[in-house]
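One structure is given below, encoded as structure tokens.
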Amino acid sequence: MNYTKILKEIKEEVEPLFKKGKVADYIPALKRVNPSHFAMSLQLFDGTTYDIGDTNTKFSIQSISKIFTYTMAISLKEKELYKHVGHEPSGNPFNSLVQLEYENGIPRNPFINAGAIVITDILASKYKDKTFDKILDFIRRVSNNKKIDFDKEVDDSEAEFGFRNIALVNMMKSFKNIANKTDDVMDIYFKQCSISMNTKELSKSALYLANHGVDPITKERFLSESQAKRLNSLMLTCGHYDASGDFAYRVGLPGKSGVGGGIVAIVPELMSICVWSPGLNSKGNSLVGTKALELFTTKTGLSIF
Ligand code: DON
């Protein structure tokens with residue numbers, strides 16, 4: 001497969017769409033990002049990589065962090081987890097409050113904000129004031145890069161304007177589904193969202209998910225085979241919020257998006273992919289990123305179906 005040629009074609013075909021998306025503006029620090037950025041990286045099992053665009057430019061990983069915190073939590077206590085968070089698509093926006101009240105403070109899945117906040121709370125019960133360091137360490141391990149860090153400006157902006165997230169955590173606390181102090185949990189959650197990475201680093205970080213839980217390059221195991229199956233299923237059914245069906249229909253791969261404009265996707269037993277373009281569609285997923293992945297699976301025939 002000529003991946004270099006395919007990436008070049010994809011870039012040319014998505015360029016006219018750069019202005020169609022809208023950069024996230026509910027967190028002021030994200031609003032300042034230039035919407036014309038585009039980057040796409042492929043990471044294969046033998047260490048080969050293919051890249052195009054601004055692949056060295058870091059961006060805010062936002063909700064992509066949820067796959068890493070869920071990996072950490074599912075390895076800690078899998079059965080216990082299901083009392084606190086489900087595994088059904090929500091059919092609702094990522095920051096919705098409505099369903100949470102009807103469903104007694106138990107979020108539908110760990111990839112909507114409420115679910116990810118519960119996961120952060122579970123990690124906080126285990127790791128106490130070292131929780132964010134543990135999350136950062138974990139991401140440095142999966143990316144095999146000790147330099148990964150968070151962006152203080154984005155973190156401050158998240159905390160200042162995180163009104164909905166603060167409402168979500170308080171609602172769940174009222175249903176006794178949050179064990180720690182809400183401020184402590186949110187402090188960690190906002191930091192994990194503000195971690196900065198580029199597409200090369202993120203594609204590398206998701207490789208273990210394409211290989212049944214084991215990084216095929218370092219041979220380090222991060223999840224059991226069955227846990228990796230579960231996490232990938234969640235990415236397919238819940239990774240793009242109320243557009244998860246649309247993403248599965250168009251792309252046909254498990255993937256997870258973030259409002260920074262990044263999307264990570266995996267082709268089981270072959271590669272991990274990261275695409276970044278900051279303009280979002282109406283559901284909060286990268287408009288160009290989704291199109292680029294759709295073109296990738298169409299041109300290569302590499303989907304799970
Ligand atoms: O919780 C928030 O509002 C953000 N920091 C993360 C949300 C996010 O990335 C949702 N994604 N598409």
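The chains in the structure tokens are called A, B, ... from first to last as shown; in each chain the residues are counted from 1, and the ligands are counted from 1 in the order shown.
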
Distance query A:Ile188 at most 8 Å, only C-alpha atoms, self and fewer than 5 positions along chain excluded, as a PyMOL selection string: chain A and resi 120+131-132

8 Å shell around ligand 1 using only C-alpha atoms and all ligand atoms, listed as a ChimeraX atom specification: /A:26-27,61-64,94-95,112-113,158,162,164-165,189-190,193-194,240-241,257-261,283-285

Output N, CA and C atoms for every residue in the selection just made, as a PDB file, in the first residue's frame.
ATOM      1  N   TYR A  26     -15.816  27.446  23.637  1.00  0.00           N
ATOM      2  CA  TYR A  26     -16.303  27.514  25.018  1.00  0.00           C
ATOM      3  C   TYR A  26     -15.153  27.475  26.012  1.00  0.00           C
ATOM      4  N   ILE A  27     -13.943  27.155  25.525  1.00  0.00           N
ATOM      5  CA  ILE A  27     -12.742  27.288  26.354  1.00  0.00           C
ATOM      6  C   ILE A  27     -11.882  28.344  25.630  1.00  0.00           C
ATOM      7  N   ILE A  61      -5.096  17.633  23.725  1.00  0.00           N
ATOM      8  CA  ILE A  61      -5.680  16.318  23.406  1.00  0.00           C
ATOM      9  C   ILE A  61      -7.126  16.199  23.895  1.00  0.00           C
ATOM     10  N   GLN A  62      -7.488  17.029  24.874  1.00  0.00           N
ATOM     11  CA  GLN A  62      -8.868  17.072  25.378  1.00  0.00           C
ATOM     12  C   GLN A  62      -9.427  15.669  25.664  1.00  0.00           C
ATOM     13  N   SER A  63     -10.563  15.333  25.032  1.00  0.00           N
ATOM     14  CA  SER A  63     -11.230  14.075  25.402  1.00  0.00           C
ATOM     15  C   SER A  63     -10.500  12.820  24.944  1.00  0.00           C
ATOM     16  N   ILE A  64      -9.450  12.971  24.139  1.00  0.00           N
ATOM     17  CA  ILE A  64      -8.678  11.769  23.782  1.00  0.00           C
ATOM     18  C   ILE A  64      -8.016  11.216  25.051  1.00  0.00           C
ATOM     19  N   PHE A  94     -21.664  15.704  24.471  1.00  0.00           N
ATOM     20  CA  PHE A  94     -20.653  15.232  25.421  1.00  0.00           C
ATOM     21  C   PHE A  94     -20.776  15.828  26.816  1.00  0.00           C
ATOM     22  N   ASN A  95     -21.404  17.024  26.907  1.00  0.00           N
ATOM     23  CA  ASN A  95     -21.464  17.679  28.222  1.00  0.00           C
ATOM     24  C   ASN A  95     -22.893  17.777  28.731  1.00  0.00           C
ATOM     25  N   ILE A 112     -18.213  10.160  27.584  1.00  0.00           N
ATOM     26  CA  ILE A 112     -18.849  11.470  27.735  1.00  0.00           C
ATOM     27  C   ILE A 112     -18.190  12.114  28.956  1.00  0.00           C
ATOM     28  N   ASN A 113     -18.333  13.440  29.087  1.00  0.00           N
ATOM     29  CA  ASN A 113     -17.626  14.117  30.183  1.00  0.00           C
ATOM     30  C   ASN A 113     -17.945  13.520  31.548  1.00  0.00           C
ATOM     31  N   GLU A 158      -9.805  26.095  31.128  1.00  0.00           N
ATOM     32  CA  GLU A 158     -10.804  25.040  31.389  1.00  0.00           C
ATOM     33  C   GLU A 158     -11.433  25.253  32.766  1.00  0.00           C
ATOM     34  N   GLY A 162     -15.273  26.097  33.118  1.00  0.00           N
ATOM     35  CA  GLY A 162     -15.794  24.720  33.132  1.00  0.00           C
ATOM     36  C   GLY A 162     -17.121  24.576  33.864  1.00  0.00           C
ATOM     37  N   ARG A 164     -20.193  23.756  33.080  1.00  0.00           N
ATOM     38  CA  ARG A 164     -20.993  22.536  32.873  1.00  0.00           C
ATOM     39  C   ARG A 164     -20.352  21.326  33.548  1.00  0.00           C
ATOM     40  N   ASN A 165     -19.034  21.238  33.426  1.00  0.00           N
ATOM     41  CA  ASN A 165     -18.345  20.109  34.054  1.00  0.00           C
ATOM     42  C   ASN A 165     -18.499  20.154  35.570  1.00  0.00           C
ATOM     43  N   TYR A 189      -9.148  16.444  36.275  1.00  0.00           N
ATOM     44  CA  TYR A 189      -9.826  16.299  34.975  1.00  0.00           C
ATOM     45  C   TYR A 189      -9.414  17.421  34.006  1.00  0.00           C
ATOM     46  N   PHE A 190      -9.405  18.661  34.498  1.00  0.00           N
ATOM     47  CA  PHE A 190      -9.037  19.776  33.609  1.00  0.00           C
ATOM     48  C   PHE A 190      -7.587  19.636  33.139  1.00  0.00           C
ATOM     49  N   CYS A 193      -7.272  16.984  30.376  1.00  0.00           N
ATOM     50  CA  CYS A 193      -7.772  17.488  29.080  1.00  0.00           C
ATOM     51  C   CYS A 193      -6.768  18.426  28.429  1.00  0.00           C
ATOM     52  N   SER A 194      -5.946  19.100  29.241  1.00  0.00           N
ATOM     53  CA  SER A 194      -5.059  20.123  28.676  1.00  0.00           C
ATOM     54  C   SER A 194      -3.664  19.584  28.330  1.00  0.00           C
ATOM     55  N   HIS A 240     -17.465   9.206  19.701  1.00  0.00           N
ATOM     56  CA  HIS A 240     -17.768  10.509  19.081  1.00  0.00           C
ATOM     57  C   HIS A 240     -19.123  11.046  19.554  1.00  0.00           C
ATOM     58  N   TYR A 241     -19.469  10.715  20.802  1.00  0.00           N
ATOM     59  CA  TYR A 241     -20.694  11.242  21.429  1.00  0.00           C
ATOM     60  C   TYR A 241     -21.926  10.912  20.595  1.00  0.00           C
ATOM     61  N   SER A 257     -12.444  11.173  19.685  1.00  0.00           N
ATOM     62  CA  SER A 257     -12.176  12.565  19.315  1.00  0.00           C
ATOM     63  C   SER A 257     -11.973  13.438  20.552  1.00  0.00           C
ATOM     64  N   GLY A 258     -11.462  14.634  20.325  1.00  0.00           N
ATOM     65  CA  GLY A 258     -11.367  15.645  21.380  1.00  0.00           C
ATOM     66  C   GLY A 258     -11.698  17.003  20.790  1.00  0.00           C
ATOM     67  N   VAL A 259     -12.179  17.948  21.615  1.00  0.00           N
ATOM     68  CA  VAL A 259     -12.563  19.258  21.071  1.00  0.00           C
ATOM     69  C   VAL A 259     -11.370  20.108  20.635  1.00  0.00           C
ATOM     70  N   GLY A 260     -10.159  19.628  20.890  1.00  0.00           N
ATOM     71  CA  GLY A 260      -8.969  20.291  20.345  1.00  0.00           C
ATOM     72  C   GLY A 260      -8.845  20.018  18.853  1.00  0.00           C
ATOM     73  N   GLY A 261      -9.675  19.109  18.322  1.00  0.00           N
ATOM     74  CA  GLY A 261      -9.662  18.802  16.883  1.00  0.00           C
ATOM     75  C   GLY A 261      -8.894  17.539  16.531  1.00  0.00           C
ATOM     76  N   LYS A 283     -21.302  18.552  16.261  1.00  0.00           N
ATOM     77  CA  LYS A 283     -21.301  17.626  17.403  1.00  0.00           C
ATOM     78  C   LYS A 283     -20.002  17.699  18.204  1.00  0.00           C
ATOM     79  N   GLY A 284     -19.100  18.605  17.835  1.00  0.00           N
ATOM     80  CA  GLY A 284     -17.857  18.780  18.604  1.00  0.00           C
ATOM     81  C   GLY A 284     -16.723  17.862  18.178  1.00  0.00           C
ATOM     82  N   ASN A 285     -16.836  17.268  16.979  1.00  0.00           N
ATOM     83  CA  ASN A 285     -15.758  16.411  16.467  1.00  0.00           C
ATOM     84  C   ASN A 285     -15.104  17.114  15.268  1.00  0.00           C
TER      85      ASN A 285
END

Every residue of stretch 45-272 of chain A that DSSP places in helix (DSSP H, G or I), as number ranges by chain: A: 62-76, 78-84, 98-102, 113-143, 152-161, 163-174, 182-193, 199-205, 207-210, 225-238, 241-250

Interatomic distance, atom CA of A:Lys147 to atom CA of A:Asp54 (Å, one decimal):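 So the answer is 18.7 Å.
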
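Every residue of stretch 103-239 of chain A found in strand (DSSP E or B) when DSSP is run on the backbone appears here: Asp149, Phe150, Ile195, Ser196, Met197, Val214 and Arg221 of chain A.
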
With N, CA and C atoms kept, could you save the residues just selected as a compact mmCIF listing (two decimals), in the first residue's frame?
# COMPACT_ATOMS: atom_id res chain seq x y z
N ASP A 149 3.66 16.83 28.26
CA ASP A 149 3.25 17.65 29.41
C ASP A 149 1.90 18.32 29.14
N PHE A 150 1.40 19.03 30.15
CA PHE A 150 0.13 19.73 29.94
C PHE A 150 0.37 21.21 29.71
N ILE A 195 -3.51 18.27 28.35
CA ILE A 195 -2.23 17.68 27.91
C ILE A 195 -2.06 17.99 26.40
N SER A 196 -0.83 18.37 26.04
CA SER A 196 -0.53 18.75 24.64
C SER A 196 0.29 17.65 23.97
N MET A 197 -0.12 17.27 22.78
CA MET A 197 0.65 16.27 22.01
C MET A 197 0.47 16.57 20.53
N VAL A 214 -1.14 -4.83 23.84
CA VAL A 214 0.33 -4.85 23.96
C VAL A 214 0.94 -3.91 22.93
N ARG A 221 2.70 -4.66 27.94
CA ARG A 221 1.25 -4.90 27.96
C ARG A 221 0.58 -3.84 28.83

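Residues in contact with A:Val288 at up to 7 Å, not including ones fewer than 2 positions away on its chain and judged by only C-alpha atoms, are Val14, Leu17, Phe18, Ser277, Ser286, Thr290, Lys291 and Ala292 of chain A.
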
Surrounding residues of A:Leu168 excluding itself and chain neighbours under 2 positions, 12 Å, only C-alpha atoms, as a PyMOL selection string: chain A and resi 94-101+104-107+112-118+162-166+170-175+177-178+182+185-186

Atomic distance atom CA of A:Glu225 - atom CA of A:Met1, expressed in Å with one decimal: 27.8 Å

Residue nearest A:Leu231 - candidates A:Pro16, A:Gly301, A:Gly86, A:Pro254, atoms counted: only C-alpha atoms: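 Going through A:Pro16, A:Gly301, A:Gly86, A:Pro254 one by one, the smallest distance to A:Leu231 is for A:Pro254.
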
Gap from atom CA of A:Met271 to atom CA of A:Pro89 - Å, one decimal: 25.1 Å
